[in-house]
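Structure file input38.pdb (PDB, C-alpha atoms, pLDDT in the B column) is printed below.
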```pdb
ATOM      1  CA  SER A   1       0.000   0.000   0.000  1.00 49.00           C
ATOM      2  CA  HIS A   2       1.059   3.581  -0.604  1.00 52.00           C
ATOM      3  CA  ARG A   3       2.628   5.192   2.458  1.00 55.00           C
ATOM      4  CA  ARG A   4       1.346   8.639   3.318  1.00 58.00           C
ATOM      5  CA  ARG A   5       3.815  11.410   3.752  1.00 52.00           C
ATOM      6  CA  PRO A   6       4.067  12.575   7.389  1.00 52.00           C
ATOM      7  CA  VAL A   7       2.283  15.821   8.110  1.00 52.00           C
ATOM      8  CA  GLY A   8       5.002  17.277  10.330  1.00 57.00           C
ATOM      9  CA  ASP A   9       4.534  20.499  12.287  1.00 66.00           C
ATOM     10  CA  ARG A  10       3.381  22.739   9.441  1.00 76.00           C
ATOM     11  CA  LYS A  11       0.403  25.007   9.995  1.00 81.00           C
ATOM     12  CA  TYR A  12      -2.154  26.765   7.848  1.00 85.00           C
ATOM     13  CA  ALA A  13      -2.645  30.408   8.812  1.00 87.00           C
ATOM     14  CA  VAL A  14      -6.338  31.324   8.567  1.00 91.00           C
ATOM     15  CA  CYS A  15      -7.385  34.979   8.299  1.00 92.00           C
ATOM     16  CA  ASP A  16     -10.822  34.718   6.669  1.00 93.00           C
ATOM     17  CA  VAL A  17     -13.501  32.147   5.868  1.00 92.00           C
ATOM     18  CA  LEU A  18     -15.764  31.615   2.860  1.00 91.00           C
ATOM     19  CA  VAL A  19     -17.108  28.132   3.609  1.00 91.00           C
ATOM     20  CA  TRP A  20     -17.098  26.186   6.873  1.00 89.00           C
ATOM     21  CA  GLY A  21     -18.646  22.754   6.656  1.00 88.00           C
ATOM     22  CA  ASP A  22     -22.107  23.225   5.178  1.00 91.00           C
ATOM     23  CA  ASN A  23     -22.129  26.945   5.948  1.00 90.00           C
ATOM     24  CA  ASP A  24     -21.585  29.320   3.027  1.00 91.00           C
ATOM     25  CA  LEU A  25     -20.220  32.581   4.440  1.00 92.00           C
ATOM     26  CA  ALA A  26     -19.178  34.271   1.190  1.00 87.00           C
ATOM     27  CA  GLY A  27     -22.270  36.477   1.328  1.00 88.00           C
ATOM     28  CA  ALA A  28     -21.780  37.420   4.983  1.00 94.00           C
ATOM     29  CA  ASP A  29     -20.126  40.721   5.882  1.00 94.00           C
ATOM     30  CA  ALA A  30     -16.575  40.738   7.186  1.00 94.00           C
ATOM     31  CA  GLU A  31     -17.579  41.439  10.785  1.00 94.00           C
ATOM     32  CA  CYS A  32     -19.820  38.358  10.792  1.00 95.00           C
ATOM     33  CA  ARG A  33     -17.107  36.186   9.209  1.00 94.00           C
ATOM     34  CA  MET A  34     -14.498  37.266  11.758  1.00 95.00           C
ATOM     35  CA  PHE A  35     -16.865  36.524  14.661  1.00 94.00           C
ATOM     36  CA  TRP A  36     -17.657  33.123  13.132  1.00 93.00           C
ATOM     37  CA  LEU A  37     -13.980  32.266  12.784  1.00 93.00           C
ATOM     38  CA  GLU A  38     -13.128  33.143  16.366  1.00 93.00           C
ATOM     39  CA  SER A  39     -16.109  31.132  17.613  1.00 93.00           C
ATOM     40  CA  ARG A  40     -15.161  28.055  15.589  1.00 92.00           C
ATOM     41  CA  PHE A  41     -11.506  28.227  16.597  1.00 91.00           C
ATOM     42  CA  SER A  42     -12.512  28.349  20.254  1.00 90.00           C
ATOM     43  CA  GLU A  43     -14.167  24.945  19.709  1.00 88.00           C
ATOM     44  CA  ILE A  44     -11.151  23.289  18.060  1.00 83.00           C
ATOM     45  CA  PRO A  45      -9.409  20.902  20.491  1.00 79.00           C
ATOM     46  CA  ASP A  46      -5.908  21.822  21.606  1.00 74.00           C
ATOM     47  CA  ARG A  47      -4.659  18.401  20.491  1.00 74.00           C
ATOM     48  CA  PRO A  48      -6.019  17.579  17.021  1.00 70.00           C
ATOM     49  CA  SER A  49      -5.851  14.113  15.490  1.00 71.00           C
ATOM     50  CA  ARG A  50      -2.388  12.866  14.584  1.00 72.00           C
ATOM     51  CA  ARG A  51      -2.705  13.414  10.845  1.00 73.00           C
ATOM     52  CA  ALA A  52      -4.664  16.659  10.952  1.00 76.00           C
ATOM     53  CA  ARG A  53      -3.028  19.778   9.600  1.00 79.00           C
ATOM     54  CA  LEU A  54      -2.769  22.384  12.332  1.00 83.00           C
ATOM     55  CA  LEU A  55      -4.647  25.643  11.844  1.00 86.00           C
ATOM     56  CA  GLN A  56      -3.521  28.973  13.249  1.00 87.00           C
ATOM     57  CA  LEU A  57      -5.978  31.847  13.478  1.00 91.00           C
ATOM     58  CA  VAL A  58      -4.740  35.281  12.415  1.00 91.00           C
ATOM     59  CA  PRO A  59      -7.218  37.415  14.354  1.00 91.00           C
ATOM     60  CA  ALA A  60      -8.732  40.498  12.762  1.00 93.00           C
ATOM     61  CA  VAL A  61      -8.170  43.812  14.509  1.00 93.00           C
ATOM     62  CA  LEU A  62      -9.349  47.351  13.876  1.00 93.00           C
ATOM     63  CA  ALA A  63      -7.031  49.221  11.488  1.00 92.00           C
ATOM     64  CA  THR A  64      -5.820  51.731  14.048  1.00 93.00           C
ATOM     65  CA  PRO A  65      -2.393  53.351  13.685  1.00 94.00           C
ATOM     66  CA  GLU A  66      -1.122  51.290  16.626  1.00 95.00           C
ATOM     67  CA  ALA A  67      -2.405  47.997  15.189  1.00 94.00           C
ATOM     68  CA  LEU A  68      -0.977  48.779  11.741  1.00 95.00           C
ATOM     69  CA  SER A  69       2.428  49.615  13.195  1.00 95.00           C
ATOM     70  CA  GLN A  70       2.508  46.362  15.157  1.00 95.00           C
ATOM     71  CA  ALA A  71       1.384  44.281  12.163  1.00 94.00           C
ATOM     72  CA  TYR A  72       4.021  45.921   9.993  1.00 96.00           C
ATOM     73  CA  HIS A  73       7.014  45.917  12.346  1.00 95.00           C
ATOM     74  CA  LEU A  74       6.566  43.014  14.769  1.00 94.00           C
ATOM     75  CA  ASP A  75       7.339  39.362  14.094  1.00 91.00           C
ATOM     76  CA  PRO A  76       4.113  37.313  14.354  1.00 87.00           C
ATOM     77  CA  GLY A  77       6.005  34.025  14.508  1.00 83.00           C
ATOM     78  CA  TYR A  78       5.431  33.064  10.868  1.00 83.00           C
ATOM     79  CA  PRO A  79       6.512  34.558   7.511  1.00 86.00           C
ATOM     80  CA  LYS A  80       4.303  37.509   6.587  1.00 89.00           C
ATOM     81  CA  ASP A  81       3.060  37.992   3.046  1.00 91.00           C
ATOM     82  CA  SER A  82       0.724  40.979   3.117  1.00 94.00           C
ATOM     83  CA  LEU A  83      -1.678  43.061   5.166  1.00 95.00           C
ATOM     84  CA  LEU A  84      -5.324  42.273   4.436  1.00 94.00           C
ATOM     85  CA  PHE A  85      -7.722  45.204   4.737  1.00 94.00           C
ATOM     86  CA  LEU A  86     -11.456  44.442   4.920  1.00 94.00           C
ATOM     87  CA  HIS A  87     -14.377  46.806   5.367  1.00 93.00           C
ATOM     88  CA  ARG A  88     -16.492  45.460   8.201  1.00 92.00           C
ATOM     89  CA  GLU A  89     -19.637  45.605   6.035  1.00 93.00           C
ATOM     90  CA  GLY A  90     -17.969  44.210   2.917  1.00 92.00           C
ATOM     91  CA  HIS A  91     -18.642  40.740   1.522  1.00 89.00           C
ATOM     92  CA  TYR A  92     -17.016  38.658  -1.211  1.00 87.00           C
ATOM     93  CA  HIS A  93     -18.222  38.762  -4.809  1.00 86.00           C
ATOM     94  CA  VAL A  94     -17.436  35.146  -5.641  1.00 82.00           C
ATOM     95  CA  SER A  95     -18.594  35.322  -9.273  1.00 84.00           C
ATOM     96  CA  ASP A  96     -16.747  38.594  -9.947  1.00 88.00           C
ATOM     97  CA  PRO A  97     -13.005  39.027 -10.519  1.00 89.00           C
ATOM     98  CA  VAL A  98     -12.626  41.864  -8.017  1.00 89.00           C
ATOM     99  CA  THR A  99     -14.175  42.112  -4.566  1.00 88.00           C
ATOM    100  CA  PRO A 100     -14.871  45.707  -3.472  1.00 86.00           C
ATOM    101  CA  LEU A 101     -13.810  46.817   0.008  1.00 90.00           C
ATOM    102  CA  ALA A 102     -11.058  44.167   0.230  1.00 91.00           C
ATOM    103  CA  LEU A 103      -7.365  44.914  -0.309  1.00 91.00           C
ATOM    104  CA  ASN A 104      -4.156  42.931  -0.035  1.00 92.00           C
ATOM    105  CA  TRP A 105      -1.286  45.384   0.541  1.00 95.00           C
ATOM    106  CA  ARG A 106       2.397  44.560   0.679  1.00 95.00           C
ATOM    107  CA  ASP A 107       5.901  45.922   0.362  1.00 94.00           C
ATOM    108  CA  SER A 108       9.398  44.492   0.789  1.00 91.00           C
ATOM    109  CA  GLN A 109       9.081  44.703   4.597  1.00 92.00           C
ATOM    110  CA  VAL A 110       6.201  42.227   4.768  1.00 93.00           C
ATOM    111  CA  SER A 111       6.710  40.159   1.606  1.00 92.00           C
ATOM    112  CA  ARG A 112       9.699  38.544  -0.050  1.00 86.00           C
ATOM    113  CA  TRP A 113       8.071  38.676  -3.482  1.00 87.00           C
ATOM    114  CA  VAL A 114       6.548  42.116  -4.013  1.00 92.00           C
ATOM    115  CA  ILE A 115       7.421  42.196  -7.722  1.00 91.00           C
ATOM    116  CA  ASP A 116       6.446  39.266  -9.934  1.00 88.00           C
ATOM    117  CA  MET A 117       9.521  37.208 -10.813  1.00 83.00           C
ATOM    118  CA  PRO A 118       8.890  33.982 -12.769  1.00 75.00           C
ATOM    119  CA  ASP A 119      12.539  33.048 -12.286  1.00 72.00           C
ATOM    120  CA  LYS A 120      13.668  34.057  -8.794  1.00 72.00           C
ATOM    121  CA  GLU A 121      17.322  33.430  -9.631  1.00 74.00           C
ATOM    122  CA  ALA A 122      17.211  35.629 -12.744  1.00 74.00           C
ATOM    123  CA  GLY A 123      15.769  38.550 -10.794  1.00 80.00           C
ATOM    124  CA  ILE A 124      13.286  41.168 -11.959  1.00 85.00           C
ATOM    125  CA  PRO A 125      12.420  40.834 -15.677  1.00 88.00           C
ATOM    126  CA  GLN A 126      13.149  43.771 -17.954  1.00 91.00           C
ATOM    127  CA  ARG A 127       9.486  44.106 -18.889  1.00 94.00           C
ATOM    128  CA  GLN A 128       6.379  43.811 -16.748  1.00 96.00           C
ATOM    129  CA  ALA A 129       4.194  40.796 -17.500  1.00 95.00           C
ATOM    130  CA  VAL A 130       0.409  41.195 -17.375  1.00 96.00           C
ATOM    131  CA  VAL A 131      -2.511  38.876 -18.077  1.00 96.00           C
ATOM    132  CA  LEU A 132      -5.382  40.476 -20.006  1.00 97.00           C
ATOM    133  CA  GLU A 133      -8.621  39.253 -21.550  1.00 95.00           C
ATOM    134  CA  LEU A 134      -8.733  39.221 -25.352  1.00 94.00           C
ATOM    135  CA  ARG A 135     -11.914  40.662 -26.807  1.00 93.00           C
ATOM    136  CA  GLY A 136     -13.205  41.222 -30.339  1.00 90.00           C
ATOM    137  CA  GLY A 137     -11.043  43.230 -32.693  1.00 90.00           C
ATOM    138  CA  GLY A 138      -7.917  42.594 -30.636  1.00 93.00           C
ATOM    139  CA  ARG A 139      -8.973  44.721 -27.680  1.00 95.00           C
ATOM    140  CA  LEU A 140      -7.390  43.789 -24.351  1.00 97.00           C
ATOM    141  CA  ARG A 141      -9.151  44.452 -21.085  1.00 97.00           C
ATOM    142  CA  THR A 142      -8.549  44.074 -17.368  1.00 97.00           C
ATOM    143  CA  ALA A 143     -10.570  42.104 -14.840  1.00 95.00           C
ATOM    144  CA  GLU A 144     -12.773  45.185 -14.356  1.00 93.00           C
ATOM    145  CA  ARG A 145     -13.564  45.091 -18.107  1.00 94.00           C
ATOM    146  CA  ALA A 146     -11.578  48.252 -18.832  1.00 96.00           C
ATOM    147  CA  ILE A 147      -9.939  48.326 -22.276  1.00 97.00           C
ATOM    148  CA  VAL A 148      -6.247  49.099 -21.787  1.00 97.00           C
ATOM    149  CA  ALA A 149      -4.608  48.049 -25.082  1.00 97.00           C
ATOM    150  CA  GLN A 150      -5.213  47.086 -28.696  1.00 95.00           C
ATOM    151  CA  LEU A 151      -3.415  44.341 -30.615  1.00 92.00           C
ATOM    152  CA  SER A 152      -2.363  44.835 -34.209  1.00 90.00           C
ATOM    153  CA  GLU A 153      -3.582  42.585 -37.029  1.00 89.00           C
ATOM    154  CA  GLN A 154      -0.201  40.879 -37.145  1.00 87.00           C
ATOM    155  CA  GLU A 155      -0.267  40.137 -33.421  1.00 86.00           C
ATOM    156  CA  LEU A 156      -3.793  38.749 -33.759  1.00 86.00           C
ATOM    157  CA  GLN A 157      -2.766  36.468 -36.621  1.00 83.00           C
ATOM    158  CA  THR A 158       0.151  35.172 -34.598  1.00 81.00           C
ATOM    159  CA  LEU A 159      -2.196  34.380 -31.709  1.00 81.00           C
ATOM    160  CA  GLN A 160      -4.700  32.621 -33.974  1.00 76.00           C
ATOM    161  CA  LYS A 161      -2.034  30.075 -34.903  1.00 72.00           C
ATOM    162  CA  ASP A 162      -2.101  29.012 -31.250  1.00 63.00           C
ATOM    163  CA  SER A 163      -5.882  29.264 -30.893  1.00 60.00           C
ATOM    164  CA  GLN A 164      -6.209  25.662 -29.691  1.00 53.00           C
ATOM    165  CA  SER A 165      -4.604  26.715 -26.418  1.00 47.00           C
ATOM    166  CA  ALA A 166      -7.202  29.387 -25.795  1.00 49.00           C
ATOM    167  CA  ASN A 167      -9.576  29.222 -22.844  1.00 46.00           C
ATOM    168  CA  LYS A 168     -13.152  28.199 -23.512  1.00 53.00           C
ATOM    169  CA  GLY A 169     -15.467  31.127 -22.832  1.00 53.00           C
ATOM    170  CA  ARG A 170     -12.780  33.540 -21.631  1.00 66.00           C
ATOM    171  CA  THR A 171      -9.583  34.047 -23.590  1.00 89.00           C
ATOM    172  CA  LEU A 172      -6.671  35.231 -21.489  1.00 94.00           C
ATOM    173  CA  VAL A 173      -3.333  36.247 -22.964  1.00 94.00           C
ATOM    174  CA  ARG A 174      -0.018  36.990 -21.298  1.00 94.00           C
ATOM    175  CA  CYS A 175       1.703  40.144 -22.513  1.00 94.00           C
ATOM    176  CA  GLU A 176       4.935  41.948 -21.821  1.00 95.00           C
ATOM    177  CA  VAL A 177       4.466  45.693 -21.506  1.00 96.00           C
ATOM    178  CA  ASP A 178       7.104  48.399 -21.590  1.00 93.00           C
ATOM    179  CA  ALA A 179       4.929  51.267 -20.323  1.00 95.00           C
ATOM    180  CA  VAL A 180       1.918  51.819 -18.058  1.00 97.00           C
ATOM    181  CA  ASP A 181       0.152  55.170 -18.462  1.00 97.00           C
ATOM    182  CA  LEU A 182      -1.665  55.968 -15.233  1.00 96.00           C
ATOM    183  CA  ALA A 183      -3.351  59.092 -16.621  1.00 95.00           C
ATOM    184  CA  THR A 184      -4.972  57.417 -19.633  1.00 96.00           C
ATOM    185  CA  ARG A 185      -5.225  53.969 -18.007  1.00 96.00           C
ATOM    186  CA  ARG A 186      -3.470  52.279 -20.906  1.00 97.00           C
ATOM    187  CA  VAL A 187      -0.549  49.879 -21.310  1.00 97.00           C
ATOM    188  CA  SER A 188       1.936  49.658 -24.173  1.00 96.00           C
ATOM    189  CA  VAL A 189       2.246  46.038 -25.290  1.00 94.00           C
ATOM    190  CA  ALA A 190       5.755  45.144 -26.396  1.00 93.00           C
ATOM    191  CA  GLN A 191       5.186  41.428 -26.918  1.00 91.00           C
ATOM    192  CA  VAL A 192       2.352  38.906 -26.698  1.00 91.00           C
ATOM    193  CA  SER A 193       3.672  35.752 -25.061  1.00 88.00           C
ATOM    194  CA  GLY A 194       0.616  33.613 -25.821  1.00 88.00           C
ATOM    195  CA  PHE A 195      -2.570  32.246 -24.353  1.00 90.00           C
ATOM    196  CA  VAL A 196      -2.888  31.456 -20.661  1.00 90.00           C
ATOM    197  CA  PRO A 197      -4.228  27.909 -20.030  1.00 88.00           C
ATOM    198  CA  SER A 198      -7.651  27.914 -18.368  1.00 82.00           C
ATOM    199  CA  ARG A 199      -6.412  25.487 -15.717  1.00 84.00           C
ATOM    200  CA  THR A 200      -3.991  28.105 -14.381  1.00 87.00           C
ATOM    201  CA  ARG A 201      -6.009  31.330 -14.494  1.00 88.00           C
ATOM    202  CA  VAL A 202      -9.670  32.297 -14.414  1.00 89.00           C
ATOM    203  CA  TRP A 203      -9.493  36.093 -14.435  1.00 93.00           C
ATOM    204  CA  ALA A 204      -7.312  38.743 -16.014  1.00 96.00           C
ATOM    205  CA  ASP A 205      -5.215  41.085 -13.891  1.00 96.00           C
ATOM    206  CA  SER A 206      -7.030  44.004 -12.303  1.00 96.00           C
ATOM    207  CA  TRP A 207      -5.943  47.535 -13.140  1.00 96.00           C
ATOM    208  CA  GLY A 208      -4.983  48.011  -9.495  1.00 94.00           C
ATOM    209  CA  ARG A 209      -2.625  45.032  -9.611  1.00 95.00           C
ATOM    210  CA  ILE A 210      -1.032  46.259 -12.839  1.00 97.00           C
ATOM    211  CA  VAL A 211      -0.446  49.721 -11.357  1.00 97.00           C
ATOM    212  CA  PHE A 212       0.832  48.295  -8.059  1.00 96.00           C
ATOM    213  CA  GLN A 213       3.428  46.187  -9.882  1.00 96.00           C
ATOM    214  CA  HIS A 214       4.372  49.113 -12.145  1.00 96.00           C
ATOM    215  CA  LEU A 215       4.952  51.532  -9.246  1.00 96.00           C
ATOM    216  CA  HIS A 216       7.121  49.026  -7.391  1.00 95.00           C
ATOM    217  CA  ARG A 217       9.137  48.290 -10.514  1.00 94.00           C
ATOM    218  CA  GLN A 218       9.684  52.010 -11.085  1.00 94.00           C
ATOM    219  CA  LYS A 219      10.411  52.635  -7.375  1.00 94.00           C
ATOM    220  CA  LYS A 220       7.652  55.253  -7.284  1.00 95.00           C
ATOM    221  CA  THR A 221       5.840  53.934  -4.250  1.00 95.00           C
ATOM    222  CA  GLU A 222       5.358  57.074  -2.167  1.00 94.00           C
ATOM    223  CA  ALA A 223       1.581  57.128  -2.787  1.00 93.00           C
ATOM    224  CA  ILE A 224       1.208  53.434  -1.843  1.00 94.00           C
ATOM    225  CA  SER A 225       3.893  53.215   0.855  1.00 95.00           C
ATOM    226  CA  PHE A 226       3.342  52.168   4.447  1.00 96.00           C
ATOM    227  CA  GLN A 227       3.668  55.818   5.434  1.00 95.00           C
ATOM    228  CA  ALA A 228       0.742  56.595   3.112  1.00 94.00           C
ATOM    229  CA  VAL A 229      -1.295  53.809   4.724  1.00 94.00           C
ATOM    230  CA  MET A 230      -0.469  55.198   8.155  1.00 94.00           C
ATOM    231  CA  ARG A 231      -1.478  58.711   7.132  1.00 92.00           C
ATOM    232  CA  ALA A 232      -4.841  57.340   6.001  1.00 91.00           C
ATOM    233  CA  ALA A 233      -5.283  55.581   9.366  1.00 91.00           C
ATOM    234  CA  ILE A 234      -4.206  58.606  11.380  1.00 91.00           C
ATOM    235  CA  GLY A 235      -6.393  61.008   9.428  1.00 84.00           C
ATOM    236  CA  ASN A 236      -5.591  64.664   9.872  1.00 46.00           C
ATOM    237  CA  ALA A 237      -2.618  63.986  12.162  1.00 47.00           C
ATOM    238  CA  VAL A 238      -0.148  63.621   9.299  1.00 49.00           C
ATOM    239  CA  PRO A 239       3.326  62.443  10.436  1.00 46.00           C
ATOM    240  CA  SER A 240       6.359  64.338   9.270  1.00 48.00           C
ATOM    241  CA  ARG A 241       8.517  62.965   6.470  1.00 51.00           C
ATOM    242  CA  GLY A 242      10.241  59.743   7.474  1.00 47.00           C
ATOM    243  CA  GLU A 243       8.230  59.433  10.706  1.00 43.00           C
ATOM    244  CA  VAL A 244       5.972  56.492  11.504  1.00 42.00           C
ATOM    245  CA  LYS A 245       3.658  57.041  14.439  1.00 37.00           C
TER     246      LYS A 245
END
```
As structure tokens, what does this structure read like?
Amino acid sequence: SHRRRPVGDRKYAVCDVLVWGDNDLAGADAECRMFWLESRFSEIPDRPSRRARLLQLVPAVLATPEALSQAYHLDPGYPKDSLLFLHREGHYHVSDPVTPLALNWRDSQVSRWVIDMPDKEAGIPQRQAVVLELRGGGRLRTAERAIVAQLSEQELQTLQKDSQSANKGRTLVRCEVDAVDLATRRVSVAQVSGFVPSRTRVWADSWGRIVFQHLHRQKKTEAISFQAVMRAAIGNAVPSRGEVK
């Protein structure tokens, strides 16, 4: 018989819940989901079964300046990846590509991989890679259905040669861009790499994700820095340059 691999002491960090048993919580607001999680975790035995994967609750806290500073600077005992911001009345839009009132924020302090790098050893690619949805006439749009680029006839013909790899129902293509225009909300496509298999992606990139990657690549992160997040949490009490309250 096949021997199972030992589970070891790995843990899953849990910060939100969409489904628990027979309970669908995707339509519940964030405050309800957080209360549900804490209640369920209080019922989990301290010593789970031998082969069970351990779960560790990451409790939700109000986004006060003090809580943000602690989440950003302190070591929680596990590798951080991002800060998750949820509006207490927000709920998930499961059938939509973007959920309003939910934001994953990160920088190099909280994440090892802020900028997309397909090959970690090769470092940051020269061009930014984006995944867009191909529409009629060669138009390319984001997850929010905003048209951000237009393919030429030659690029379309090249793609059609590989049409068998296209997704059924939603055609996603991977592109390399050499410019992102924030004012006009457009991207300049330098090269179309090909179709994205449906088994690997369901949605195109959002405009917010494209801009976030672009600003980090260009090292123009002042507007999305941790200091900017802190200023938003503090409100009118704006810290001086270089100061984190």
Taking a cut-off of 9 Å and counting only C-alpha atoms, can you build a table that, for each residue of range 66-137 of chain A near range 168-186 of chain A, reports the nearest atom pair and how far apart they are in Å (one decimal), sorted by chain then residue number, as JSON lines?
```
{"residue": "A:Gln126", "atom": "CA", "partner": "A:Asp178", "partner_atom": "CA", "distance": 8.4}
{"residue": "A:Arg127", "atom": "CA", "partner": "A:Asp178", "partner_atom": "CA", "distance": 5.6}
{"residue": "A:Gln128", "atom": "CA", "partner": "A:Val177", "partner_atom": "CA", "distance": 5.5}
{"residue": "A:Ala129", "atom": "CA", "partner": "A:Glu176", "partner_atom": "CA", "distance": 4.5}
{"residue": "A:Val130", "atom": "CA", "partner": "A:Cys175", "partner_atom": "CA", "distance": 5.4}
{"residue": "A:Val131", "atom": "CA", "partner": "A:Arg174", "partner_atom": "CA", "distance": 4.5}
{"residue": "A:Leu132", "atom": "CA", "partner": "A:Val173", "partner_atom": "CA", "distance": 5.6}
{"residue": "A:Glu133", "atom": "CA", "partner": "A:Leu172", "partner_atom": "CA", "distance": 4.5}
{"residue": "A:Leu134", "atom": "CA", "partner": "A:Thr171", "partner_atom": "CA", "distance": 5.5}
{"residue": "A:Arg135", "atom": "CA", "partner": "A:Thr171", "partner_atom": "CA", "distance": 7.7}
```
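By all atoms listed in the file, and with residues fewer than 3 positions from Arg209 in chain A along its chain excluded, the set lying at most 12 Å from it is Val98, Leu103, Asn104, Trp105, Arg106, Val114, Ile115, Asp116, Gln128, Ala129, Val130, Val131, Leu132, Thr142, Ala143, Glu144, Val180, Ala204, Asp205, Ser206, Phe212, Gln213, His214, Leu215 and His216 of chain A.
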Convert the current residue selection to file output with C-alpha atoms, as a PDB file, in the frame of the given file.
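Output file part.pdb is given in full below:
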```pdb
ATOM      1  CA  VAL A  98     -12.626  41.864  -8.017  1.00 89.00           C
ATOM      2  CA  LEU A 103      -7.365  44.914  -0.309  1.00 91.00           C
ATOM      3  CA  ASN A 104      -4.156  42.931  -0.035  1.00 92.00           C
ATOM      4  CA  TRP A 105      -1.286  45.384   0.541  1.00 95.00           C
ATOM      5  CA  ARG A 106       2.397  44.560   0.679  1.00 95.00           C
ATOM      6  CA  VAL A 114       6.548  42.116  -4.013  1.00 92.00           C
ATOM      7  CA  ILE A 115       7.421  42.196  -7.722  1.00 91.00           C
ATOM      8  CA  ASP A 116       6.446  39.266  -9.934  1.00 88.00           C
ATOM      9  CA  GLN A 128       6.379  43.811 -16.748  1.00 96.00           C
ATOM     10  CA  ALA A 129       4.194  40.796 -17.500  1.00 95.00           C
ATOM     11  CA  VAL A 130       0.409  41.195 -17.375  1.00 96.00           C
ATOM     12  CA  VAL A 131      -2.511  38.876 -18.077  1.00 96.00           C
ATOM     13  CA  LEU A 132      -5.382  40.476 -20.006  1.00 97.00           C
ATOM     14  CA  THR A 142      -8.549  44.074 -17.368  1.00 97.00           C
ATOM     15  CA  ALA A 143     -10.570  42.104 -14.840  1.00 95.00           C
ATOM     16  CA  GLU A 144     -12.773  45.185 -14.356  1.00 93.00           C
ATOM     17  CA  VAL A 180       1.918  51.819 -18.058  1.00 97.00           C
ATOM     18  CA  ALA A 204      -7.312  38.743 -16.014  1.00 96.00           C
ATOM     19  CA  ASP A 205      -5.215  41.085 -13.891  1.00 96.00           C
ATOM     20  CA  SER A 206      -7.030  44.004 -12.303  1.00 96.00           C
ATOM     21  CA  PHE A 212       0.832  48.295  -8.059  1.00 96.00           C
ATOM     22  CA  GLN A 213       3.428  46.187  -9.882  1.00 96.00           C
ATOM     23  CA  HIS A 214       4.372  49.113 -12.145  1.00 96.00           C
ATOM     24  CA  LEU A 215       4.952  51.532  -9.246  1.00 96.00           C
ATOM     25  CA  HIS A 216       7.121  49.026  -7.391  1.00 95.00           C
TER      26      HIS A 216
END
```
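For Asn23 in chain A, the set of protein, DNA and RNA residues having any atom at most 12 Å away, when counting all atoms listed in the file and skipping those fewer than 6 positions along the same chain, is Val17, Arg33, Trp36, Leu37 and Arg40 of chain A.
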Exercise for the section: Identify the residues around (-5.2, 36.3, 13.8) within a radius of 9 Å, measuring from all atoms listed in the file in the coordinates stated by the file, and give them as a list in words. Expected result: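 Final list of nearby residues, as requested, is Ala13, Val14, Cys15, Glu38, Gln56, Leu57, Val58, Pro59, Ala60 and Val61 of chain A.
CA of Ala223 in chain A is found 26.7 Å from CA of Lys120 in chain A.
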Exercise for the section: May I ask for the distance between CA of Ser49 in chain A and CA of Tyr12 in chain A, given in Å to one decimal place? Expected result: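 We find that CA of Ser49 in chain A and CA of Tyr12 in chain A lie 15.2 Å from each other.
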Any chance you could model N, CA, C and O atoms for range 173-181 of chain A and send them as a PDB file, in the frame of the given file?
```
ATOM      1  N   VAL A 173      -4.644  36.241 -22.327  1.00 94.00           N
ATOM      2  CA  VAL A 173      -3.333  36.247 -22.964  1.00 94.00           C
ATOM      3  C   VAL A 173      -2.328  36.908 -22.024  1.00 94.00           C
ATOM      4  O   VAL A 173      -2.670  37.825 -21.270  1.00 94.00           O
ATOM      5  N   ARG A 174      -1.102  36.411 -22.087  1.00 94.00           N
ATOM      6  CA  ARG A 174      -0.018  36.990 -21.298  1.00 94.00           C
ATOM      7  C   ARG A 174       0.784  37.914 -22.200  1.00 94.00           C
ATOM      8  O   ARG A 174       1.209  37.526 -23.294  1.00 94.00           O
ATOM      9  N   CYS A 175       0.989  39.135 -21.729  1.00 94.00           N
ATOM     10  CA  CYS A 175       1.703  40.144 -22.513  1.00 94.00           C
ATOM     11  C   CYS A 175       2.856  40.717 -21.706  1.00 94.00           C
ATOM     12  O   CYS A 175       2.810  40.770 -20.472  1.00 94.00           O
ATOM     13  N   GLU A 176       3.869  41.167 -22.423  1.00 95.00           N
ATOM     14  CA  GLU A 176       4.935  41.948 -21.821  1.00 95.00           C
ATOM     15  C   GLU A 176       4.719  43.403 -22.215  1.00 95.00           C
ATOM     16  O   GLU A 176       4.546  43.712 -23.390  1.00 95.00           O
ATOM     17  N   VAL A 177       4.704  44.279 -21.235  1.00 96.00           N
ATOM     18  CA  VAL A 177       4.466  45.693 -21.506  1.00 96.00           C
ATOM     19  C   VAL A 177       5.703  46.497 -21.129  1.00 96.00           C
ATOM     20  O   VAL A 177       6.416  46.159 -20.176  1.00 96.00           O
ATOM     21  N   ASP A 178       5.947  47.548 -21.902  1.00 93.00           N
ATOM     22  CA  ASP A 178       7.104  48.399 -21.590  1.00 93.00           C
ATOM     23  C   ASP A 178       6.699  49.763 -21.063  1.00 93.00           C
ATOM     24  O   ASP A 178       7.555  50.611 -20.802  1.00 93.00           O
ATOM     25  N   ALA A 179       5.387  49.996 -20.889  1.00 95.00           N
ATOM     26  CA  ALA A 179       4.929  51.267 -20.323  1.00 95.00           C
ATOM     27  C   ALA A 179       3.522  51.096 -19.774  1.00 95.00           C
ATOM     28  O   ALA A 179       2.705  50.361 -20.337  1.00 95.00           O
ATOM     29  N   VAL A 180       3.256  51.768 -18.663  1.00 97.00           N
ATOM     30  CA  VAL A 180       1.918  51.819 -18.058  1.00 97.00           C
ATOM     31  C   VAL A 180       1.585  53.287 -17.860  1.00 97.00           C
ATOM     32  O   VAL A 180       2.266  53.993 -17.110  1.00 97.00           O
ATOM     33  N   ASP A 181       0.555  53.767 -18.542  1.00 97.00           N
ATOM     34  CA  ASP A 181       0.152  55.170 -18.462  1.00 97.00           C
ATOM     35  C   ASP A 181      -0.979  55.291 -17.447  1.00 97.00           C
ATOM     36  O   ASP A 181      -2.104  54.875 -17.715  1.00 97.00           O
TER      37      ASP A 181
END
```
